[in-house]
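Trainee: Handing over structure04.txt, compact mmCIF, C-alpha atoms and all ligand atoms.
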```
# COMPACT_ATOMS: atom_id res chain seq x y z
CA MET A 1 37.88 -3.21 77.27
CA ARG A 2 35.29 -2.62 74.56
CA ASP A 3 34.58 -5.84 72.76
CA ARG A 4 33.83 -6.21 69.07
CA THR A 5 30.18 -7.15 69.46
CA ARG A 6 29.52 -4.11 71.59
CA GLU A 7 31.20 -1.85 69.02
CA GLU A 8 29.22 -3.46 66.20
CA VAL A 9 25.98 -2.87 68.11
CA PHE A 10 27.03 0.70 68.89
CA ALA A 11 27.80 1.40 65.22
CA LEU A 12 24.34 0.15 64.22
CA ILE A 13 22.61 2.30 66.84
CA ARG A 14 24.73 5.33 65.93
CA ASP A 15 24.10 5.04 62.19
CA SER A 16 20.35 4.50 62.47
CA ARG A 17 17.63 6.14 64.45
CA ASP A 18 15.27 4.65 66.99
CA LEU A 19 16.43 1.02 66.84
CA THR A 20 14.91 -1.43 69.29
CA ARG A 21 16.62 -4.44 70.84
CA SER A 22 14.57 -6.76 68.63
CA ALA A 23 15.59 -4.78 65.52
CA LEU A 24 19.23 -5.25 66.58
CA VAL A 25 18.67 -9.00 66.93
CA GLU A 26 17.23 -9.03 63.42
CA LEU A 27 20.02 -6.90 61.93
CA THR A 28 22.93 -8.76 63.52
CA GLY A 29 21.56 -12.29 63.72
CA LEU A 30 22.93 -12.44 67.26
CA PRO A 31 21.00 -14.02 70.16
CA SER A 32 18.82 -11.59 72.10
CA SER A 33 20.79 -12.28 75.28
CA THR A 34 24.00 -11.09 73.58
CA ILE A 35 22.25 -7.94 72.29
CA GLY A 36 20.74 -7.35 75.73
CA HIS A 37 24.16 -7.57 77.34
CA ALA A 38 25.83 -5.25 74.80
CA VAL A 39 23.00 -2.70 75.09
CA ALA A 40 23.17 -2.78 78.89
CA ARG A 41 26.91 -2.07 78.79
CA LEU A 42 26.51 0.77 76.27
CA LEU A 43 23.77 2.29 78.45
CA ALA A 44 26.00 1.99 81.52
CA GLU A 45 28.85 3.69 79.64
CA GLY A 46 26.53 6.56 78.70
CA ARG A 47 27.20 6.11 74.98
CA ILE A 48 23.55 5.40 74.15
CA ALA A 49 20.24 6.35 75.75
CA GLU A 50 16.85 4.68 75.67
CA SER A 51 13.42 6.25 75.47
CA ALA A 52 9.80 5.19 75.09
CA PRO A 53 8.80 4.21 71.54
CA PRO A 54 6.61 6.65 69.58
CA ALA A 55 2.90 5.81 69.47
CA LYS A 56 3.29 4.43 65.96
CA GLY A 57 6.58 3.22 64.58
CA PRO A 58 9.51 1.00 65.48
CA GLY A 59 8.84 -0.97 68.61
CA SER A 60 5.07 -0.73 68.44
CA GLY A 61 4.50 -3.69 66.13
CA SER A 62 3.80 -7.21 67.17
CA GLY A 63 6.29 -9.01 69.36
CA ARG A 64 8.41 -7.60 72.09
CA PRO A 65 7.51 -3.97 72.85
CA GLY A 66 10.84 -2.22 72.94
CA SER A 67 12.10 1.11 74.04
CA ILE A 68 14.10 2.84 71.34
CA LEU A 69 17.85 3.30 71.45
CA ASN A 70 19.88 6.22 70.17
CA ALA A 71 23.53 7.22 70.43
CA VAL A 72 24.25 10.08 72.80
CA ALA A 73 25.64 13.07 70.92
CA THR A 74 29.16 14.08 71.79
CA SER A 75 30.46 17.65 71.97
CA ILE A 76 31.55 17.37 68.32
CA ARG A 77 30.10 20.21 66.25
CA THR A 78 29.69 20.28 62.47
CA GLY A 79 28.77 23.05 60.06
CA ALA A 80 26.03 22.84 57.44
CA ILE A 81 25.08 25.20 54.62
CA ASP A 82 22.18 25.20 52.18
CA PHE A 83 22.83 27.53 49.26
CA GLY A 84 19.66 28.68 47.54
CA HIS A 85 19.51 30.97 44.54
CA ARG A 86 18.54 34.05 46.55
CA HIS A 87 19.48 33.05 50.12
CA PHE A 88 21.51 30.63 52.16
CA ARG A 89 20.94 28.88 55.47
CA VAL A 90 23.65 27.82 57.90
CA ALA A 91 23.49 25.50 60.89
CA LEU A 92 25.59 23.96 63.59
CA GLY A 93 24.95 20.26 64.09
CA ASP A 94 26.17 17.47 66.32
CA ASP A 95 27.53 14.07 65.37
CA GLN A 96 24.04 12.55 65.58
CA GLY A 97 22.66 14.94 62.98
CA ASN A 98 20.72 17.13 65.41
CA VAL A 99 20.51 20.84 64.59
CA VAL A 100 22.06 22.87 67.40
CA ASP A 101 21.53 26.38 65.98
CA GLU A 102 20.68 27.84 62.58
CA GLU A 103 20.23 31.03 60.63
CA ILE A 104 18.92 32.24 57.25
CA VAL A 105 20.63 35.00 55.27
CA ARG A 106 19.12 36.74 52.19
CA LEU A 107 21.75 37.16 49.48
CA ASN A 108 21.82 36.76 45.70
CA VAL A 109 24.03 33.65 45.74
CA ASP A 110 23.51 33.00 42.00
CA GLN A 111 25.02 36.31 41.07
CA SER A 112 28.19 35.85 43.09
CA PRO A 113 28.94 32.39 44.49
CA ILE A 114 32.25 33.70 45.89
CA ARG A 115 30.37 36.28 47.93
CA GLY A 116 27.95 33.55 48.97
CA LEU A 117 30.78 31.26 50.11
CA ASP A 118 32.47 34.11 52.00
CA ALA A 119 29.23 35.13 53.68
CA ALA A 120 28.27 31.54 54.58
CA ALA A 121 31.70 30.91 56.13
CA ALA A 122 31.39 34.15 58.13
CA SER A 123 27.88 33.17 59.29
CA LEU A 124 29.13 29.76 60.42
CA ARG A 125 31.92 31.42 62.39
CA ALA A 126 29.36 33.74 64.00
CA LEU A 127 27.17 30.73 64.92
CA CYS A 128 30.23 29.08 66.52
CA GLU A 129 30.91 32.22 68.54
CA ARG A 130 27.27 32.51 69.63
CA ASN A 131 27.33 28.88 70.82
CA SER A 132 30.85 28.97 72.34
CA VAL A 133 32.06 26.35 69.83
CA ALA A 134 35.86 26.51 69.58
CA SER A 135 36.15 24.54 66.31
CA LEU A 136 34.11 22.60 63.79
CA THR A 137 34.92 18.99 62.86
CA CYS A 138 33.72 19.27 59.26
CA VAL A 139 31.20 21.03 57.07
CA ALA A 140 28.63 19.83 54.51
CA ALA A 141 26.78 21.98 52.00
CA GLY A 142 24.03 21.68 49.43
CA VAL A 143 24.45 23.63 46.17
CA PRO A 144 21.70 24.11 43.57
CA GLY A 145 23.47 22.55 40.63
CA PRO A 146 24.89 19.31 39.22
CA ILE A 147 27.96 18.19 41.19
CA GLU A 148 30.41 15.66 39.78
CA GLU A 149 30.60 13.16 42.61
CA ALA A 150 34.24 12.12 42.24
CA THR A 151 35.66 15.64 42.17
CA GLY A 152 33.03 17.98 43.66
CA LEU A 153 33.09 20.07 40.47
CA VAL A 154 29.97 22.08 39.61
CA CYS A 155 29.55 21.06 36.00
CA SER A 156 26.68 22.81 34.33
CA THR A 157 27.53 25.78 32.19
CA THR A 158 23.93 26.56 31.29
CA THR A 159 21.84 26.31 34.43
CA LEU A 160 24.11 27.71 37.10
CA SER A 161 26.60 29.66 35.09
CA ASN A 162 28.33 31.54 37.91
CA TRP A 163 29.05 28.35 39.87
CA ALA A 164 30.24 26.37 36.83
CA GLY A 165 33.84 25.24 37.04
CA MET A 166 33.99 25.82 40.80
CA TYR A 167 34.88 23.29 43.48
CA PRO A 168 32.72 24.57 46.37
CA ALA A 169 34.04 21.93 48.81
CA ARG A 170 37.63 23.13 48.23
CA GLU A 171 36.48 26.74 48.62
CA LEU A 172 34.85 25.92 51.96
CA GLU A 173 37.91 23.98 53.12
CA LYS A 174 40.04 27.03 52.36
CA ARG A 175 37.76 29.32 54.30
CA LEU A 176 36.94 27.11 57.29
CA GLU A 177 40.04 24.88 57.44
CA VAL A 178 38.04 21.68 57.99
CA PRO A 179 37.07 18.81 55.64
CA ALA A 180 34.06 19.73 53.50
CA LEU A 181 31.50 17.76 51.53
CA VAL A 182 29.26 19.33 48.91
CA SER A 183 26.17 17.74 47.48
CA ASN A 184 23.42 18.76 45.09
CA ASP A 185 20.76 20.58 47.13
CA ALA A 186 17.88 18.28 46.16
CA SER A 187 19.96 15.26 47.22
CA ALA A 188 20.62 17.00 50.55
CA GLY A 189 16.87 17.64 50.88
CA ALA A 190 16.11 13.98 50.17
CA PHE A 191 18.66 12.96 52.82
CA GLY A 192 17.02 15.30 55.35
CA GLU A 193 13.56 13.95 54.60
CA LEU A 194 14.86 10.36 54.79
CA HIS A 195 16.20 10.82 58.32
CA LEU A 196 13.89 13.36 59.92
CA GLY A 197 11.08 14.23 57.52
CA ALA A 198 8.29 12.65 55.51
CA GLY A 199 10.62 10.00 54.05
CA GLN A 200 11.16 8.24 57.38
CA GLY A 201 10.19 4.59 57.05
CA HIS A 202 10.28 4.73 53.23
CA ARG A 203 12.99 2.93 51.25
CA ASP A 204 12.20 4.28 47.80
CA PHE A 205 11.08 7.83 47.25
CA LEU A 206 11.48 10.96 45.19
CA TYR A 207 12.11 14.33 46.78
CA ILE A 208 11.44 17.31 44.53
CA LYS A 209 13.01 20.64 45.32
CA ALA A 210 10.63 23.05 43.63
CA SER A 211 11.91 26.56 44.04
CA HIS A 212 13.67 28.93 41.60
CA GLY A 213 14.75 25.79 39.75
CA ILE A 214 13.41 22.24 40.00
CA GLY A 215 15.57 19.26 40.93
CA ALA A 216 14.98 15.79 42.30
CA GLY A 217 16.74 13.83 45.03
CA LEU A 218 16.33 10.07 44.76
CA VAL A 219 16.36 7.57 47.60
CA ILE A 220 16.57 4.02 46.28
CA ASN A 221 16.66 1.04 48.60
CA GLY A 222 17.19 3.33 51.60
CA GLU A 223 20.22 5.11 50.11
CA LEU A 224 20.76 8.33 48.22
CA PHE A 225 21.11 7.62 44.51
CA VAL A 226 23.14 10.18 42.54
CA GLY A 227 23.75 8.20 39.35
CA GLY A 228 26.91 7.27 37.49
CA VAL A 229 28.63 10.64 37.65
CA GLY A 230 26.46 12.43 40.20
CA PHE A 231 23.86 14.14 38.04
CA ALA A 232 20.76 12.01 38.71
CA GLY A 233 17.69 14.13 39.37
CA GLU A 234 18.36 17.00 36.95
CA ILE A 235 14.70 17.03 36.01
CA GLY A 236 14.22 20.78 35.62
CA HIS A 237 14.98 20.59 31.91
CA ILE A 238 12.59 17.81 30.95
CA ILE A 239 10.55 19.28 28.09
CA ILE A 240 6.81 19.74 28.41
CA SER A 241 5.74 19.54 24.79
CA GLY A 242 3.94 22.46 23.28
CA ARG A 243 5.05 25.00 25.88
CA PRO A 244 6.74 28.11 24.47
CA GLU A 245 8.53 29.36 27.61
CA LEU A 246 12.23 29.99 26.99
CA CYS A 247 14.46 28.33 29.60
CA ARG A 248 17.78 29.66 30.87
CA CYS A 249 19.32 26.55 29.21
CA GLY A 250 18.21 27.80 25.77
CA ASN A 251 15.46 25.22 25.18
CA ARG A 252 11.77 26.00 25.23
CA GLY A 253 9.21 24.36 27.49
CA CYS A 254 11.59 23.02 30.16
CA LEU A 255 9.75 22.08 33.37
CA GLU A 256 11.46 24.81 35.39
CA ALA A 257 10.81 27.44 32.73
CA VAL A 258 7.11 26.64 33.00
CA VAL A 259 6.84 26.05 36.77
CA SER A 260 9.06 27.83 39.28
CA VAL A 261 8.84 30.48 41.98
CA PRO A 262 9.52 33.26 39.44
CA SER A 263 6.83 31.93 37.03
CA VAL A 264 4.27 31.72 39.85
CA LYS A 265 5.18 35.23 40.98
CA GLU A 266 4.90 36.57 37.46
CA GLN A 267 1.37 35.19 37.26
CA LEU A 268 0.57 36.67 40.67
CA SER A 269 1.79 40.06 39.52
CA HIS A 270 -0.96 39.98 36.85
CA THR A 271 -3.74 38.75 39.12
CA HIS A 272 -2.70 40.66 42.26
CA PRO A 273 -1.37 44.02 40.99
CA HIS A 274 -1.20 45.50 44.50
CA LEU A 275 0.86 42.64 45.92
CA ASP A 276 4.62 43.03 46.28
CA VAL A 277 5.40 39.70 44.65
CA ASP A 278 9.12 39.94 45.37
CA LEU A 279 8.48 39.82 49.08
CA VAL A 280 5.36 37.66 49.30
CA ASP A 281 5.52 34.35 51.17
CA LEU A 282 3.52 31.97 48.94
CA ALA A 283 2.34 30.03 51.99
CA THR A 284 0.42 33.09 53.24
CA LEU A 285 -1.77 33.38 50.12
CA ASN A 286 -5.23 31.99 50.70
CA ASP A 287 -7.51 33.46 48.07
CA PRO A 288 -9.17 31.45 45.29
CA VAL A 289 -7.18 33.09 42.47
CA SER A 290 -3.73 32.32 43.88
CA ALA A 291 -4.97 28.83 44.82
CA ARG A 292 -5.88 28.34 41.16
CA ILE A 293 -2.40 29.46 40.00
CA LEU A 294 -0.63 27.18 42.49
CA ASN A 295 -2.91 24.25 41.74
CA GLU A 296 -2.28 24.63 38.00
CA SER A 297 1.49 24.79 38.67
CA GLY A 298 1.22 21.57 40.69
CA ARG A 299 -0.76 19.90 37.91
CA THR A 300 1.82 20.88 35.30
CA MET A 301 4.72 19.68 37.46
CA GLY A 302 2.75 16.49 38.16
CA THR A 303 2.60 15.56 34.47
CA VAL A 304 6.41 15.24 34.47
CA LEU A 305 6.56 13.66 37.95
CA ALA A 306 4.01 11.01 36.92
CA GLY A 307 6.51 9.64 34.40
CA LEU A 308 9.25 9.60 37.03
CA CYS A 309 6.93 7.72 39.39
CA ASP A 310 6.40 5.08 36.72
CA LEU A 311 10.18 4.80 36.38
CA VAL A 312 11.08 4.56 40.07
CA ASN A 313 7.86 3.25 41.69
CA PRO A 314 8.33 5.32 44.86
CA THR A 315 6.08 4.83 47.90
CA ILE A 316 6.09 8.55 48.58
CA LEU A 317 6.59 11.66 46.46
CA ILE A 318 7.77 14.54 48.63
CA ILE A 319 7.50 18.11 47.32
CA GLY A 320 9.94 20.52 48.92
CA GLY A 321 11.30 23.98 48.20
CA GLU A 322 9.27 27.17 48.34
CA LEU A 323 6.56 25.74 46.07
CA GLY A 324 6.31 22.56 48.16
CA SER A 325 5.73 24.70 51.27
CA SER A 326 3.12 26.89 49.57
CA GLY A 327 0.17 24.83 50.84
CA PRO A 328 -2.46 22.29 49.76
CA PRO A 329 -3.45 23.73 46.33
CA LEU A 330 -0.07 22.91 44.74
CA ILE A 331 0.27 19.50 46.41
CA ASP A 332 -3.32 18.64 45.40
CA GLY A 333 -2.44 19.58 41.81
CA VAL A 334 0.60 17.30 41.76
CA ARG A 335 -1.47 14.48 43.24
CA ALA A 336 -4.21 14.95 40.63
CA SER A 337 -1.72 14.67 37.75
CA VAL A 338 0.11 11.69 39.25
CA ASN A 339 -3.26 9.95 39.67
CA ARG A 340 -4.24 10.91 36.15
CA PHE A 341 -1.02 10.15 34.25
CA ALA A 342 1.00 7.54 36.16
CA GLN A 343 0.06 3.92 35.69
CA PRO A 344 -2.82 3.05 38.06
CA SER A 345 -0.72 0.42 39.86
CA THR A 346 2.02 3.02 40.44
CA SER A 347 -0.22 5.89 41.48
CA SER A 348 -2.31 3.79 43.86
CA ALA A 349 0.86 2.88 45.79
CA ILE A 350 2.11 6.43 46.24
CA GLN A 351 1.50 9.23 48.72
CA VAL A 352 2.04 12.79 47.52
CA VAL A 353 2.99 15.11 50.38
CA ALA A 354 4.74 18.38 51.17
CA ALA A 355 8.21 18.08 52.71
CA GLY A 356 7.94 17.26 56.41
CA LEU A 357 10.82 19.63 57.12
CA GLY A 358 9.41 22.37 54.87
CA PRO A 359 12.00 24.78 53.47
CA ARG A 360 14.58 23.45 55.98
CA ALA A 361 14.87 20.00 54.36
CA GLU A 362 18.13 20.82 52.52
CA LEU A 363 19.73 22.34 55.62
CA VAL A 364 18.71 19.43 57.85
CA GLY A 365 20.02 17.06 55.15
CA ALA A 366 23.35 18.89 55.12
CA VAL A 367 23.50 18.52 58.93
CA GLN A 368 22.89 14.78 58.47
CA LEU A 369 25.59 14.56 55.77
CA ALA A 370 28.01 16.42 58.03
CA ALA A 371 27.25 13.97 60.85
CA VAL A 372 28.09 11.05 58.55
CA LEU A 373 31.36 12.78 57.59
CA ALA A 374 32.16 13.51 61.26
CA ARG A 375 31.73 9.84 62.18
CA ALA A 376 33.74 8.54 59.21
ZN ZN A 401 16.06 24.15 30.39
```
Can the structure in the file be given as structure tokens, please?
Mentor:
Amino acid sequence: MRDRTREEVFALIRDSRDLTRSALVELTGLPSSTIGHAVARLLAEGRIAESAPPAKGPGSGSGRPGSILNAVATSIRTGAIDFGHRHFRVALGDDQGNVVDEEIVRLNVDQSPIRGLDAAAASLRALCERNSVASLTCVAAGVPGPIEEATGLVCSTTTLSNWAGMYPARELEKRLEVPALVSNDASAGAFGELHLGAGQGHRDFLYIKASHGIGAGLVINGELFVGGVGFAGEIGHIIISGRPELCRCGNRGCLEAVVSVPSVKEQLSHTHPHLDVDLVDLATLNDPVSARILNESGRTMGTVLAGLCDLVNPTILIIGGELGSSGPPLIDGVRASVNRFAQPSTSSAIQVVAAGLGPRAELVGAVQLAAVLARA
């Protein structure tokens, strides 16, 4: 019979990553002999596995050197979708949040969310077929817009007009016939970075999805923070004073009207007339002129992010999305502005980095969210 202590220890191992025996002692307050016994039984049952600790990280500090423990994934398979503005990504995951298979599909999702939902459901079914998966347990998706947490309603009528009034989770449930969870894409990205990216080991950080729009995902005290109704992180419409650019929300000088993939590409079309800016991968540009444009974009974005850093006091500021993956010039620009405009005590405590998972952060986050839903 499985006893309660063993199940409690299993739940802790399953819901975290890379716990050591000494971390379990600390978390539970139980004697190390009790933890040792429970871990030994779980290992014998094949429900968890142990491996050597990474060179730096849990288990390498002072005290008892410990191998790290992780739950063994079952055959449960989940679906994950990251809806962008001009593409979507789909993945199969397991109940430990590992990506089993994935795919990217180019499609103008903004123009027709219904087509996007249909195509994403079809792609997930194709992934299942390719991997001989008979059925999914659940699906999680990230959508680039403000989602009312209690209902899953996409609320904005100005920034994501074709999605407004839709319940994407219900739409996915209809199409895939499994429970679905839908989150704002930047929150999904933050969740991905927290578990498997640059946010690992950080309890308080900001993740910025800088792509066609700009949104923030907040991790506060080790948890996703979505605010009272679910709209925390809608930073794309913070006004940069004095800027004349007209935003799709009707205001002038919004952050995402000034800095976004389209604005960078518009500048590139002036400086690089022979470049097909619609198809260019920003990460492949390595000439001084494009570096200047990206660095300036980073600096401009950084003036807004500096204020957010003063508000939240994060230990790391992670820049994701297509702009985050574009390379050092943009990240250096953000860092320069954070150093220049945030309070010295705030900026000295913060690292500014590109997303560890690159443009896959939102998809990996959706796989993590689906794993949480599968285990619930
Ligand atoms: Zn705006």
Trainee: Restricting the calculation to all atoms listed in the file: of A:Glu234, A:Asp101, A:Glu223, A:Glu148, which residue gets closest to Cys254 (chain A)?
Mentor: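 Looking at the shortest contact to Cys254 (chain A), the residue is A:Glu234.
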Trainee: Please return as a PyMOL selection string the residues found within 12 Å of ligand ZN 401 (chain A), counting all atoms listed in the file.
Mentor: chain A and resi 156-160+213-215+234-240+243-260
Trainee: In Å to one decimal, how far is CA of Leu357 (chain A) from CA of Pro288 (chain A)?
Mentor: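 If I compute the distance from CA of Pro288 (chain A) to CA of Leu357 (chain A), I get 26.1 Å.
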Trainee: What does the distance between CA of Arg335 (chain A) and CA of Pro359 (chain A) come to in Å, to one decimal place?
Mentor: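 Between CA of Arg335 (chain A) and CA of Pro359 (chain A) the gap is 19.8 Å.
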Trainee: Which one is closest to Ala150 (chain A): A:Ile13, A:Ala361, A:Leu181, A:Ala210? Count all atoms listed in the file.
Mentor: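 Among the listed residues, the smallest separation from Ala150 (chain A) belongs to A:Leu181.
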Trainee: Would you pick out the contacts of region 71-73 of chain A at 12 Å or less, using only C-alpha atoms, so that residues sharing its chain but fewer than 2 positions from it are not included, and give the list as a PyMOL selection string?
Mentor: chain A and resi 7+9-19+39+42-43+45-51+68-69+75-78+93-100+371+374-375
Trainee: Closest to Cys128 (chain A) among A:Ala216, A:Ala80, A:Leu369, A:Met166, using all atoms listed in the file?
Mentor: A:Ala80
Trainee: Can you work out the spacing between CA of Gln368 (chain A) and CA of Arg21 (chain A) in Å, to one decimal?
Mentor: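 CA of Arg21 (chain A) lies 23.7 Å from CA of Gln368 (chain A).
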Trainee: Using all atoms listed in the file, determine which residues lie at most 10 Å from region 338-346 of chain A, disregarding the query and same-chain residues fewer than 3 positions distant; provide the list as a PyMOL selection string.
Mentor: chain A and resi 299+301-315+317+332-335+349-352
Trainee: So which one's closest to Gly192 (chain A), A:Gly145, A:Gly217, A:Pro273, A:Gly152? Using only C-alpha atoms, please.
Mentor: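 Checking each of A:Gly145, A:Gly217, A:Pro273, A:Gly152 against Gly192 (chain A), counting only C-alpha atoms, the winner is A:Gly217.
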Trainee: Which of these residues is nearest to Ser183 (chain A), using all atoms listed in the file: A:Ile114, A:Val226, A:Ile208, A:Val219?
Mentor: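 Counting all atoms listed in the file, the residue closest to Ser183 (chain A) is A:Val226.
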Trainee: Rank nothing, just name the residue among A:Asn131, A:Thr300, A:Asn295, A:Ser33 nearest to Glu102 (chain A), using only C-alpha atoms.
Mentor: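 Selected residue with least distance to Glu102 (chain A): A:Asn131.
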Trainee: For a cutoff of 12 Å around the file-coordinate point (10.3, 6.5, 59.9), which residues qualify once you count only C-alpha atoms? I'd like the result as a VMD selection string.
Mentor: chain A and resid 16 to 19 53 to 54 56 to 59 192 to 203 222 356
